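A quick write-up on the structure given underneath.
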Amino acid sequence: MSLLAAEASGITNEVVDATSGVIGLAWLIPVIPLLGFVAVLLATRALGDRAALISIGAAVLSFLLSVGVAVQVLAEPATYVRPLWTWMEVGGFSVAFDLLIDQLTVVMLLVVTGVGALIHIYSVGYMHGDTRYPRFFAYLNLFLASMLILVLGENLLVLFLGWELVGLSSYLLIGFWFERSAYASAAKKAFITNRVGDVSFMVGMFLAFATFGTLEILGIVEDAGGVASGTAFALVLLFLGGAVAKSAQIPLHVWLPDAMAGPTPVSALIHAATMVTAGVYLLVRLSPLLVASIEAMEVIAWIGALTALMAALIAIRQDDIKKILAYSTVSQLGFMVLAVGVGAFRESIFHLVTHAFFKGLLFLVAGSVMHAMANRTDIWRMGGLRKAMPVTFWTALIGTAAIAGVPPLAGFFSKDQILTEAYFHGYGSIWIIGLIAAILTAFYMSRWFILIFLGEPRYGDDVHPHESPRSMTVPLIVLAALSAVGGAALNAVHTGPLYTFLEPTVGPIDGLGYEPYGPLEEAVLIPLAIVAAAVGILAAYLAYARRDVSMGSLAEPVKGPVAELMERKFFVDEAYEAVFTRFGGQVGRFLAWVDTRVIDGAVHGVGAVTIIVGRAGRRAQSGLVRGYVGVTLLGAIALVVVLLVQVR
């Protein structure tokens, strides 16, 4: 590995081929849920509700195998390559279907399988009675297998296979209730938007192969430091295009809020712990390539910062219980991408882990509330649910405090470390934007919590809220416990277990010339983060808990053009509608007219002329000898005339 790549990424792992031990069985981690998908799909009618047991069993087995792999990597730190088979070999191009297992892979495996298994269990109660109950669990298993292939891929092509399968399975899950047009449209929007990023990813793979002569991640990482700055810049931006779509960053963030149309367990699985983190994982996995182009990293940082701020502003004025969480997810993903851009790779993964805890919890809380409120989603028509739903209330309180950044809960540690690294790496403007986004996060999540659980009931006599069944509340309790203690357990200001564990794969950045933005020390920056959370919570309390909100959305304390702008999501969807649907449709119709009238018209015209000439020629073929003799005589006379004219 080049000196710059080694110093910048901190990668110190020894590469080992592994065919024995638990890691030798790592190929079963994605295969088990894939077999669960096939089994449930083929035997849907025979299994009935028992399909859930197969799907849950597959998810739990994958989790247990992931734990076994984690134990082996902890005991014997290294980068393990698990060879399987040669996928394709054409000329000098060869791709092996091998697995890459290191500290970063282990973290992702535990998050995906752990949270995924809890969501499988939660779905038993939430989806009970649905007419396509078994098929839902089959799709959950397919999604889990797809994400695990993505995480385990040893080269970019295998990773891309998982990447595409994730897109397919998310399409199936988001549009699960496809008979409703809004759900089908949301699924198509997610699928098409992600295809834009996929094209960028593919072009990035083409350029990577042309540059490095391989698609193996370890080969790219090893030679990253020797790449020309222009090539590195182009490569990073191309892979960033894929990450922007998959992780819902501006300007390709528009699919994620609409994807809330899917069942709530899908929202938790896709938008909290798995699919949307794939882009962040890709960027961190290629971190040695990123540090070869600081200019490209600055682009990443600004995209993340502006996404975090814009999504937080939009969330302030949303009324749907899940759409608020959706824009919150976009904003928190912005923090992760921001962290990647400022060189805080381990902090980004740390926030990915804590976000999986508290955002998975919050989405499942939303599902629990909807289950109790006859699928009502307007938070202005709720209120006072703390008494009817005590378990949901207390777990929601923990999740809200965690995402708001209240110490010592999980979100405080990870978000504070991202902001601290942005400051110490000299990104002052981005640090300020992140601090503002943190205040807004505390505000809109406190608003969400207050309007749902506190105050007097506003849902009327036609709804009778009740606590959810145990299959739904147990996952809430587990995730609430992780949200409460997970951050403190994994973090101890750059010396915690997660930081130490990730260091051989995603180590600290050295030798890139970062200078602190100002004279503030971490002892000052940490209280600033706490103050930011307190300001947001206090503002929400004064605006919604201390005022009469019985008038519904009319009770919003802030009105006017700015509020309208946030409520309409900065008119991004309208802009896309105008540019791509209306204008693009007109261009398409014009090109269709050119194709049918001009191009096809020219072809048809040539055919028509040929027909006319043929018909005229056909008349000369009468079949009468006297006619042919007459024509020959006329030709001879004409020839004689021509000769006489030439003689004169």
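Convention: chains lettered A, B, ... in structure tokens order; per-chain residue numbering from 1; ligands numbered from 1 as shown.
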What's the 8 Å shell around segment 249-251 of chain A, counting only C-alpha atoms, without same-chain residues fewer than 5 positions away, as a PyMOL selection string?
chain A and resi 243-244+303-304+306-307+330+333-334
How far is it from atom CA of Glu154 of chain A to atom CA of Leu215 of chain A, in Å with one decimal?
8.9 Å
Neighbours of Val280 of chain A within 12 Å (only C-alpha atoms; same-chain residues fewer than 3 positions away dropped), as number ranges by chain?
A: 104, 108, 151, 239-249, 273-277, 283-287, 300, 304, 332-341, 344-353
Please produce an output containing N, CA and C atoms for each residue in the selection, written as a short mmCIF file (atom, residue, chain, number, x, y, z; two decimals), in the first residue's frame.
data_model
loop_
_atom_site.label_atom_id
_atom_site.label_comp_id
_atom_site.auth_asym_id
_atom_site.auth_seq_id
_atom_site.Cartn_x
_atom_site.Cartn_y
_atom_site.Cartn_z
N LEU A 104 -14.80 -3.36 9.56
CA LEU A 104 -15.92 -2.59 9.03
C LEU A 104 -17.06 -3.51 8.61
N MET A 108 -21.10 -3.69 10.10
CA MET A 108 -22.27 -3.65 9.23
C MET A 108 -23.10 -4.93 9.34
N VAL A 151 -22.71 -5.87 1.63
CA VAL A 151 -21.72 -5.63 2.68
C VAL A 151 -20.52 -6.56 2.55
N PHE A 239 -18.55 7.64 -7.69
CA PHE A 239 -19.07 6.78 -6.61
C PHE A 239 -19.97 7.58 -5.67
N LEU A 240 -19.67 8.86 -5.51
CA LEU A 240 -20.55 9.72 -4.71
C LEU A 240 -21.94 9.78 -5.33
N GLY A 241 -22.01 9.79 -6.68
CA GLY A 241 -23.32 9.81 -7.34
C GLY A 241 -24.17 8.63 -6.92
N GLY A 242 -23.55 7.44 -6.85
CA GLY A 242 -24.30 6.29 -6.38
C GLY A 242 -24.71 6.42 -4.93
N ALA A 243 -23.80 6.94 -4.10
CA ALA A 243 -24.09 7.09 -2.68
C ALA A 243 -25.17 8.14 -2.44
N VAL A 244 -25.17 9.20 -3.22
CA VAL A 244 -26.16 10.27 -3.07
C VAL A 244 -27.57 9.73 -3.29
N ALA A 245 -27.73 8.86 -4.29
CA ALA A 245 -29.06 8.29 -4.55
C ALA A 245 -29.45 7.30 -3.46
N LYS A 246 -28.56 6.37 -3.14
CA LYS A 246 -28.90 5.31 -2.19
C LYS A 246 -29.07 5.87 -0.78
N SER A 247 -28.27 6.86 -0.40
CA SER A 247 -28.36 7.43 0.94
C SER A 247 -29.15 8.73 0.98
N ALA A 248 -29.92 9.00 -0.06
CA ALA A 248 -30.91 10.09 -0.08
C ALA A 248 -30.32 11.45 0.27
N GLN A 249 -29.27 11.83 -0.46
CA GLN A 249 -28.68 13.14 -0.30
C GLN A 249 -29.15 14.05 -1.43
N ALA A 273 -31.72 1.41 9.24
CA ALA A 273 -30.51 0.65 9.54
C ALA A 273 -29.81 0.07 8.33
N THR A 274 -30.47 -0.04 7.20
CA THR A 274 -29.87 -0.83 6.14
C THR A 274 -29.71 -0.07 4.83
N MET A 275 -30.72 -0.07 3.98
CA MET A 275 -30.54 0.41 2.61
C MET A 275 -29.92 1.80 2.53
N VAL A 276 -30.45 2.73 3.29
CA VAL A 276 -29.98 4.11 3.16
C VAL A 276 -28.56 4.30 3.68
N THR A 277 -28.06 3.34 4.43
CA THR A 277 -26.68 3.45 4.90
C THR A 277 -25.69 2.84 3.91
N LEU A 283 -18.73 4.81 0.66
CA LEU A 283 -17.75 5.89 0.76
C LEU A 283 -16.68 5.57 1.80
N VAL A 284 -17.11 5.03 2.94
CA VAL A 284 -16.13 4.70 3.98
C VAL A 284 -15.25 3.53 3.53
N ARG A 285 -15.83 2.57 2.84
CA ARG A 285 -15.04 1.43 2.35
C ARG A 285 -13.95 1.90 1.39
N LEU A 286 -14.24 2.94 0.61
CA LEU A 286 -13.27 3.47 -0.35
C LEU A 286 -12.53 4.69 0.20
N SER A 287 -12.45 4.81 1.53
CA SER A 287 -11.85 6.00 2.14
C SER A 287 -10.43 6.29 1.67
N ILE A 300 -18.19 16.31 -0.89
CA ILE A 300 -18.97 15.39 -0.06
C ILE A 300 -19.42 16.07 1.22
N GLY A 304 -23.35 16.74 2.36
CA GLY A 304 -23.88 16.24 3.62
C GLY A 304 -24.41 17.34 4.52
N GLN A 332 -30.12 12.98 9.20
CA GLN A 332 -29.08 12.23 9.91
C GLN A 332 -28.10 11.57 8.95
N LEU A 333 -28.59 11.14 7.80
CA LEU A 333 -27.68 10.65 6.77
C LEU A 333 -26.76 11.76 6.29
N GLY A 334 -27.31 12.98 6.27
CA GLY A 334 -26.47 14.13 5.93
C GLY A 334 -25.32 14.28 6.91
N PHE A 335 -25.57 14.04 8.20
CA PHE A 335 -24.49 14.08 9.19
C PHE A 335 -23.43 13.02 8.90
N MET A 336 -23.88 11.82 8.51
CA MET A 336 -22.92 10.76 8.20
C MET A 336 -22.06 11.12 6.99
N VAL A 337 -22.70 11.64 5.95
CA VAL A 337 -21.96 12.03 4.75
C VAL A 337 -21.05 13.22 5.05
N LEU A 338 -21.55 14.15 5.85
CA LEU A 338 -20.71 15.27 6.31
C LEU A 338 -19.45 14.74 6.99
N ALA A 339 -19.62 13.75 7.84
CA ALA A 339 -18.47 13.18 8.56
C ALA A 339 -17.47 12.58 7.59
N VAL A 340 -17.97 11.87 6.58
CA VAL A 340 -17.06 11.30 5.58
C VAL A 340 -16.28 12.42 4.88
N GLY A 341 -16.98 13.49 4.54
CA GLY A 341 -16.35 14.59 3.82
C GLY A 341 -15.28 15.30 4.61
N ALA A 344 -13.88 12.25 8.98
CA ALA A 344 -14.23 11.56 10.23
C ALA A 344 -14.90 10.23 9.88
N PHE A 345 -14.13 9.31 9.33
CA PHE A 345 -14.71 8.07 8.83
C PHE A 345 -15.26 7.19 9.95
N ARG A 346 -14.52 7.06 11.03
CA ARG A 346 -15.00 6.22 12.14
C ARG A 346 -16.20 6.87 12.82
N GLU A 347 -16.19 8.19 12.90
CA GLU A 347 -17.34 8.89 13.49
C GLU A 347 -18.60 8.68 12.64
N SER A 348 -18.42 8.62 11.31
CA SER A 348 -19.55 8.38 10.43
C SER A 348 -20.16 7.01 10.69
N ILE A 349 -19.31 5.99 10.83
CA ILE A 349 -19.80 4.64 11.12
C ILE A 349 -20.42 4.58 12.51
N PHE A 350 -19.85 5.30 13.45
CA PHE A 350 -20.40 5.36 14.80
C PHE A 350 -21.83 5.91 14.76
N HIS A 351 -22.02 7.00 14.00
CA HIS A 351 -23.37 7.58 13.90
C HIS A 351 -24.30 6.64 13.13
N LEU A 352 -23.75 5.90 12.17
CA LEU A 352 -24.56 4.91 11.45
C LEU A 352 -25.11 3.87 12.43
N VAL A 353 -24.28 3.44 13.35
CA VAL A 353 -24.69 2.42 14.32
C VAL A 353 -25.73 2.99 15.29
#
What are the nearest atom pairs, with distances in Å to one decimal, for all residues of segment 365-424 of chain A that come at most 8 Å from segment 435-450 of chain A, using only C-alpha atoms, set out by chain and rising residue number as JSON lines?
{"residue": "A:Ile379", "atom": "CA", "partner": "A:Trp448", "partner_atom": "CA", "distance": 7.3}
{"residue": "A:Gly383", "atom": "CA", "partner": "A:Ile450", "partner_atom": "CA", "distance": 7.5}
{"residue": "A:Ala396", "atom": "CA", "partner": "A:Phe449", "partner_atom": "CA", "distance": 7.4}
{"residue": "A:Leu397", "atom": "CA", "partner": "A:Phe449", "partner_atom": "CA", "distance": 7.3}
{"residue": "A:Thr400", "atom": "CA", "partner": "A:Met445", "partner_atom": "CA", "distance": 6.1}
{"residue": "A:Ala401", "atom": "CA", "partner": "A:Ala442", "partner_atom": "CA", "distance": 7.9}
{"residue": "A:Ile403", "atom": "CA", "partner": "A:Ala442", "partner_atom": "CA", "distance": 7.3}
{"residue": "A:Ala404", "atom": "CA", "partner": "A:Ala442", "partner_atom": "CA", "distance": 4.1}
{"residue": "A:Gly405", "atom": "CA", "partner": "A:Ala442", "partner_atom": "CA", "distance": 7.2}
{"residue": "A:Leu419", "atom": "CA", "partner": "A:Leu435", "partner_atom": "CA", "distance": 7.2}
Would you put the residues from that selection into a file with C-alpha atoms, as a PDB file, in the first residue's frame?
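That gives us selection03.pdb:
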ATOM      1  CA  ILE A 379     -49.938  14.052  14.481  1.00  0.00           C
ATOM      2  CA  GLY A 383     -52.172  13.709  21.636  1.00  0.00           C
ATOM      3  CA  ALA A 396     -40.466   6.953  22.255  1.00  0.00           C
ATOM      4  CA  LEU A 397     -39.118   9.299  24.921  1.00  0.00           C
ATOM      5  CA  THR A 400     -36.505  11.182  20.884  1.00  0.00           C
ATOM      6  CA  ALA A 401     -33.938  12.169  23.497  1.00  0.00           C
ATOM      7  CA  ILE A 403     -31.744  11.625  18.346  1.00  0.00           C
ATOM      8  CA  ALA A 404     -31.989  15.085  19.910  1.00  0.00           C
ATOM      9  CA  GLY A 405     -28.513  14.648  21.374  1.00  0.00           C
ATOM     10  CA  LEU A 419     -19.244  18.168  14.855  1.00  0.00           C
TER      11      LEU A 419
END
Long-range neighbours of segment 26-43 of chain A as a PDB file with C-alpha atoms, in the first residue's frame, 10 Å cut-off, only C-alpha atoms, 4 positions minimum in chain:
ATOM      1  CA  ALA A  18      -9.940 -17.832   5.191  1.00  0.00           C
ATOM      2  CA  THR A  19     -11.643 -21.148   4.567  1.00  0.00           C
ATOM      3  CA  SER A  20     -11.821 -22.504   8.114  1.00  0.00           C
ATOM      4  CA  GLY A  21     -13.412 -21.446  11.383  1.00  0.00           C
ATOM      5  CA  VAL A  22     -16.603 -19.426  11.600  1.00  0.00           C
ATOM      6  CA  LEU A  47     -47.212 -22.221   5.074  1.00  0.00           C
ATOM      7  CA  GLY A  48     -49.737 -19.478   5.766  1.00  0.00           C
ATOM      8  CA  ARG A  50     -46.063 -20.046   9.673  1.00  0.00           C
ATOM      9  CA  ALA A  51     -44.033 -18.304   6.963  1.00  0.00           C
ATOM     10  CA  ALA A  52     -43.066 -15.747   9.598  1.00  0.00           C
ATOM     11  CA  LEU A  53     -41.299 -18.435  11.622  1.00  0.00           C
ATOM     12  CA  ILE A  54     -39.100 -19.417   8.674  1.00  0.00           C
ATOM     13  CA  SER A  55     -38.212 -15.807   7.856  1.00  0.00           C
ATOM     14  CA  ILE A  56     -37.508 -14.901  11.479  1.00  0.00           C
ATOM     15  CA  GLY A  57     -35.446 -18.057  11.934  1.00  0.00           C
ATOM     16  CA  ALA A  58     -33.361 -17.183   8.869  1.00  0.00           C
ATOM     17  CA  ALA A  59     -32.751 -13.646  10.152  1.00  0.00           C
ATOM     18  CA  VAL A  60     -31.802 -14.861  13.627  1.00  0.00           C
ATOM     19  CA  LEU A  61     -29.443 -17.519  12.227  1.00  0.00           C
ATOM     20  CA  SER A  62     -27.720 -14.895  10.091  1.00  0.00           C
ATOM     21  CA  PHE A  63     -27.348 -12.717  13.175  1.00  0.00           C
ATOM     22  CA  LEU A  64     -25.836 -15.570  15.213  1.00  0.00           C
ATOM     23  CA  LEU A  65     -23.376 -16.367  12.426  1.00  0.00           C
ATOM     24  CA  SER A  66     -22.471 -12.669  12.260  1.00  0.00           C
ATOM     25  CA  GLY A  68     -19.521 -15.740  15.478  1.00  0.00           C
ATOM     26  CA  VAL A  69     -17.629 -13.936  12.716  1.00  0.00           C
ATOM     27  CA  ARG A  82     -13.257 -15.940   1.791  1.00  0.00           C
ATOM     28  CA  PRO A  83     -12.836 -17.331  -1.756  1.00  0.00           C
ATOM     29  CA  LEU A  84     -15.946 -18.942  -3.263  1.00  0.00           C
ATOM     30  CA  ASP A  98     -15.330 -13.750  -2.942  1.00  0.00           C
ATOM     31  CA  LEU A  99     -16.231 -12.296   0.431  1.00  0.00           C
ATOM     32  CA  LEU A 100     -14.334  -9.551   2.265  1.00  0.00           C
ATOM     33  CA  ILE A 101     -14.498  -9.669   6.052  1.00  0.00           C
ATOM     34  CA  LEU A 109     -23.157  -7.337   9.564  1.00  0.00           C
ATOM     35  CA  THR A 113     -28.762  -8.703  10.899  1.00  0.00           C
ATOM     36  CA  PRO A 134     -46.298 -14.724   3.903  1.00  0.00           C
ATOM     37  CA  ARG A 135     -45.122 -12.808   0.847  1.00  0.00           C
ATOM     38  CA  PHE A 136     -44.195  -9.835   3.037  1.00  0.00           C
ATOM     39  CA  PHE A 137     -41.844 -12.000   5.086  1.00  0.00           C
ATOM     40  CA  ALA A 138     -40.376 -13.481   1.901  1.00  0.00           C
ATOM     41  CA  TYR A 139     -39.558  -9.968   0.695  1.00  0.00           C
ATOM     42  CA  LEU A 140     -38.023  -9.114   4.072  1.00  0.00           C
ATOM     43  CA  ASN A 141     -35.685 -12.099   3.727  1.00  0.00           C
ATOM     44  CA  LEU A 142     -34.793 -11.101   0.162  1.00  0.00           C
ATOM     45  CA  PHE A 143     -33.941  -7.606   1.306  1.00  0.00           C
ATOM     46  CA  LEU A 144     -31.802  -8.912   4.153  1.00  0.00           C
ATOM     47  CA  ALA A 145     -29.897 -11.257   1.815  1.00  0.00           C
ATOM     48  CA  SER A 146     -29.367  -8.446  -0.700  1.00  0.00           C
ATOM     49  CA  MET A 147     -27.941  -6.086   1.894  1.00  0.00           C
ATOM     50  CA  LEU A 148     -25.627  -8.792   3.221  1.00  0.00           C
ATOM     51  CA  ILE A 149     -24.266  -9.487  -0.274  1.00  0.00           C
ATOM     52  CA  LEU A 150     -23.592  -5.769  -0.616  1.00  0.00           C
ATOM     53  CA  VAL A 151     -21.721  -5.630   2.684  1.00  0.00           C
ATOM     54  CA  LEU A 152     -19.694  -8.805   2.102  1.00  0.00           C
TER      55      LEU A 152
END
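Across the model, the gap from atom CA of Val166 of chain A to atom CA of Ile119 of chain A is 16.6 Å.
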Quick one: of A:Ser368, A:Gln318, A:Asn375, A:Ser483, who's nearest to Phe412 of chain A, counting only C-alpha atoms?
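When distances to Phe412 of chain A are compared using only C-alpha atoms, the smallest one comes from A:Ser483.
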Please run DSSP on the backbone and report, as a ChimeraX atom specification, all residues within segment 91-155 of chain A that come out as alpha helix (DSSP H).
/A:103-126,133-152
Using N, CA and C atoms, can you export the residues from the last selection as a CSV table (one decimal), in the first residue's frame?
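Final output, saved to out.csv:
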chain,number,residue,atom,x,y,z
A,103,GLN,N,-13.0,-5.5,10.1
A,103,GLN,CA,-13.7,-4.9,11.2
A,103,GLN,C,-15.0,-4.1,10.7
A,104,LEU,N,-14.8,-3.4,9.6
A,104,LEU,CA,-15.9,-2.6,9.0
A,104,LEU,C,-17.1,-3.5,8.6
A,105,THR,N,-16.7,-4.6,7.9
A,105,THR,CA,-17.7,-5.6,7.6
A,105,THR,C,-18.5,-6.1,8.8
A,106,VAL,N,-17.8,-6.4,9.8
A,106,VAL,CA,-18.4,-7.0,11.0
A,106,VAL,C,-19.4,-6.0,11.6
A,107,VAL,N,-19.0,-4.8,11.7
A,107,VAL,CA,-20.0,-3.8,12.2
A,107,VAL,C,-21.2,-3.7,11.4
A,108,MET,N,-21.1,-3.7,10.1
A,108,MET,CA,-22.3,-3.6,9.2
A,108,MET,C,-23.1,-4.9,9.3
A,109,LEU,N,-22.4,-6.1,9.4
A,109,LEU,CA,-23.2,-7.3,9.6
A,109,LEU,C,-24.0,-7.3,10.8
A,110,LEU,N,-23.4,-6.9,11.9
A,110,LEU,CA,-24.2,-6.9,13.2
A,110,LEU,C,-25.3,-6.0,13.2
A,111,VAL,N,-25.2,-4.8,12.6
A,111,VAL,CA,-26.2,-3.8,12.5
A,111,VAL,C,-27.4,-4.3,11.6
A,112,VAL,N,-27.0,-4.8,10.4
A,112,VAL,CA,-28.0,-5.3,9.4
A,112,VAL,C,-28.8,-6.5,10.0
A,113,THR,N,-28.1,-7.5,10.4
A,113,THR,CA,-28.8,-8.7,10.9
A,113,THR,C,-29.4,-8.5,12.2
A,114,GLY,N,-28.8,-7.7,13.1
A,114,GLY,CA,-29.4,-7.5,14.5
A,114,GLY,C,-30.7,-6.7,14.4
A,115,VAL,N,-30.6,-5.5,13.8
A,115,VAL,CA,-31.8,-4.7,13.7
A,115,VAL,C,-32.8,-5.4,12.7
A,116,GLY,N,-32.3,-6.0,11.7
A,116,GLY,CA,-33.2,-6.7,10.8
A,116,GLY,C,-34.0,-7.8,11.4
A,117,ALA,N,-33.4,-8.6,12.3
A,117,ALA,CA,-34.1,-9.7,13.0
A,117,ALA,C,-35.2,-9.1,13.9
A,118,LEU,N,-34.9,-8.0,14.6
A,118,LEU,CA,-35.9,-7.3,15.5
A,118,LEU,C,-37.1,-6.9,14.7
A,119,ILE,N,-36.8,-6.3,13.5
A,119,ILE,CA,-37.9,-5.8,12.6
A,119,ILE,C,-38.7,-7.0,12.1
A,120,HIS,N,-38.1,-8.1,11.8
A,120,HIS,CA,-38.8,-9.3,11.4
A,120,HIS,C,-39.8,-9.7,12.5
A,121,ILE,N,-39.3,-9.7,13.8
A,121,ILE,CA,-40.2,-10.1,14.9
A,121,ILE,C,-41.3,-9.1,15.1
A,122,TYR,N,-41.0,-7.8,15.0
A,122,TYR,CA,-42.0,-6.8,15.1
A,122,TYR,C,-43.1,-6.9,14.0
A,123,SER,N,-42.7,-7.4,12.8
A,123,SER,CA,-43.7,-7.5,11.7
A,123,SER,C,-44.8,-8.5,12.0
A,124,VAL,N,-44.5,-9.5,12.9
A,124,VAL,CA,-45.5,-10.5,13.2
A,124,VAL,C,-46.8,-9.9,13.6
A,125,GLY,N,-46.7,-8.9,14.6
A,125,GLY,CA,-47.9,-8.3,15.1
A,125,GLY,C,-48.4,-7.2,14.2
A,126,TYR,N,-47.5,-6.5,13.5
A,126,TYR,CA,-47.9,-5.3,12.7
A,126,TYR,C,-48.6,-5.8,11.4
A,133,TYR,N,-49.6,-11.8,3.8
A,133,TYR,CA,-48.7,-11.9,5.0
A,133,TYR,C,-47.4,-12.7,4.7
A,134,PRO,N,-47.5,-13.9,4.2
A,134,PRO,CA,-46.3,-14.7,3.9
A,134,PRO,C,-45.4,-14.0,2.9
A,135,ARG,N,-46.0,-13.5,1.9
A,135,ARG,CA,-45.1,-12.8,0.8
A,135,ARG,C,-44.3,-11.6,1.4
A,136,PHE,N,-44.9,-10.9,2.4
A,136,PHE,CA,-44.2,-9.8,3.0
A,136,PHE,C,-42.9,-10.3,3.7
A,137,PHE,N,-43.0,-11.5,4.4
A,137,PHE,CA,-41.8,-12.0,5.1
A,137,PHE,C,-40.8,-12.5,4.1
A,138,ALA,N,-41.3,-13.0,3.0
A,138,ALA,CA,-40.4,-13.5,1.9
A,138,ALA,C,-39.6,-12.3,1.4
A,139,TYR,N,-40.2,-11.2,1.2
A,139,TYR,CA,-39.6,-10.0,0.7
A,139,TYR,C,-38.6,-9.4,1.7
A,140,LEU,N,-39.0,-9.5,3.0
A,140,LEU,CA,-38.0,-9.1,4.1
A,140,LEU,C,-36.7,-9.9,4.0
A,141,ASN,N,-36.9,-11.2,3.8
A,141,ASN,CA,-35.7,-12.1,3.7
A,141,ASN,C,-34.9,-11.8,2.5
A,142,LEU,N,-35.5,-11.5,1.4
A,142,LEU,CA,-34.8,-11.1,0.2
A,142,LEU,C,-34.0,-9.8,0.4
A,143,PHE,N,-34.6,-8.9,1.0
A,143,PHE,CA,-33.9,-7.6,1.3
A,143,PHE,C,-32.7,-7.8,2.2
A,144,LEU,N,-32.9,-8.6,3.2
A,144,LEU,CA,-31.8,-8.9,4.2
A,144,LEU,C,-30.6,-9.6,3.4
A,145,ALA,N,-30.9,-10.6,2.6
A,145,ALA,CA,-29.9,-11.3,1.8
A,145,ALA,C,-29.2,-10.3,0.9
A,146,SER,N,-29.9,-9.4,0.2
A,146,SER,CA,-29.4,-8.4,-0.7
A,146,SER,C,-28.4,-7.5,0.0
A,147,MET,N,-28.8,-7.0,1.2
A,147,MET,CA,-27.9,-6.1,1.9
A,147,MET,C,-26.7,-6.8,2.4
A,148,LEU,N,-26.8,-8.0,2.7
A,148,LEU,CA,-25.6,-8.8,3.2
A,148,LEU,C,-24.7,-9.1,2.1
A,149,ILE,N,-25.2,-9.3,0.9
A,149,ILE,CA,-24.3,-9.5,-0.3
A,149,ILE,C,-23.5,-8.2,-0.5
A,150,LEU,N,-24.2,-7.1,-0.4
A,150,LEU,CA,-23.6,-5.8,-0.6
A,150,LEU,C,-22.5,-5.6,0.4
A,151,VAL,N,-22.7,-5.9,1.6
A,151,VAL,CA,-21.7,-5.6,2.7
A,151,VAL,C,-20.5,-6.6,2.6
A,152,LEU,N,-20.8,-7.8,2.1
A,152,LEU,CA,-19.7,-8.8,2.1
A,152,LEU,C,-18.9,-8.8,0.8
Which one is closest to Lys415 of chain A: A:Ile530, A:Ala578, A:Val613, A:Val549? Count only C-alpha atoms.
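Between A:Ile530, A:Ala578, A:Val613, A:Val549, the residue approaching Lys415 of chain A most closely is A:Ile530.
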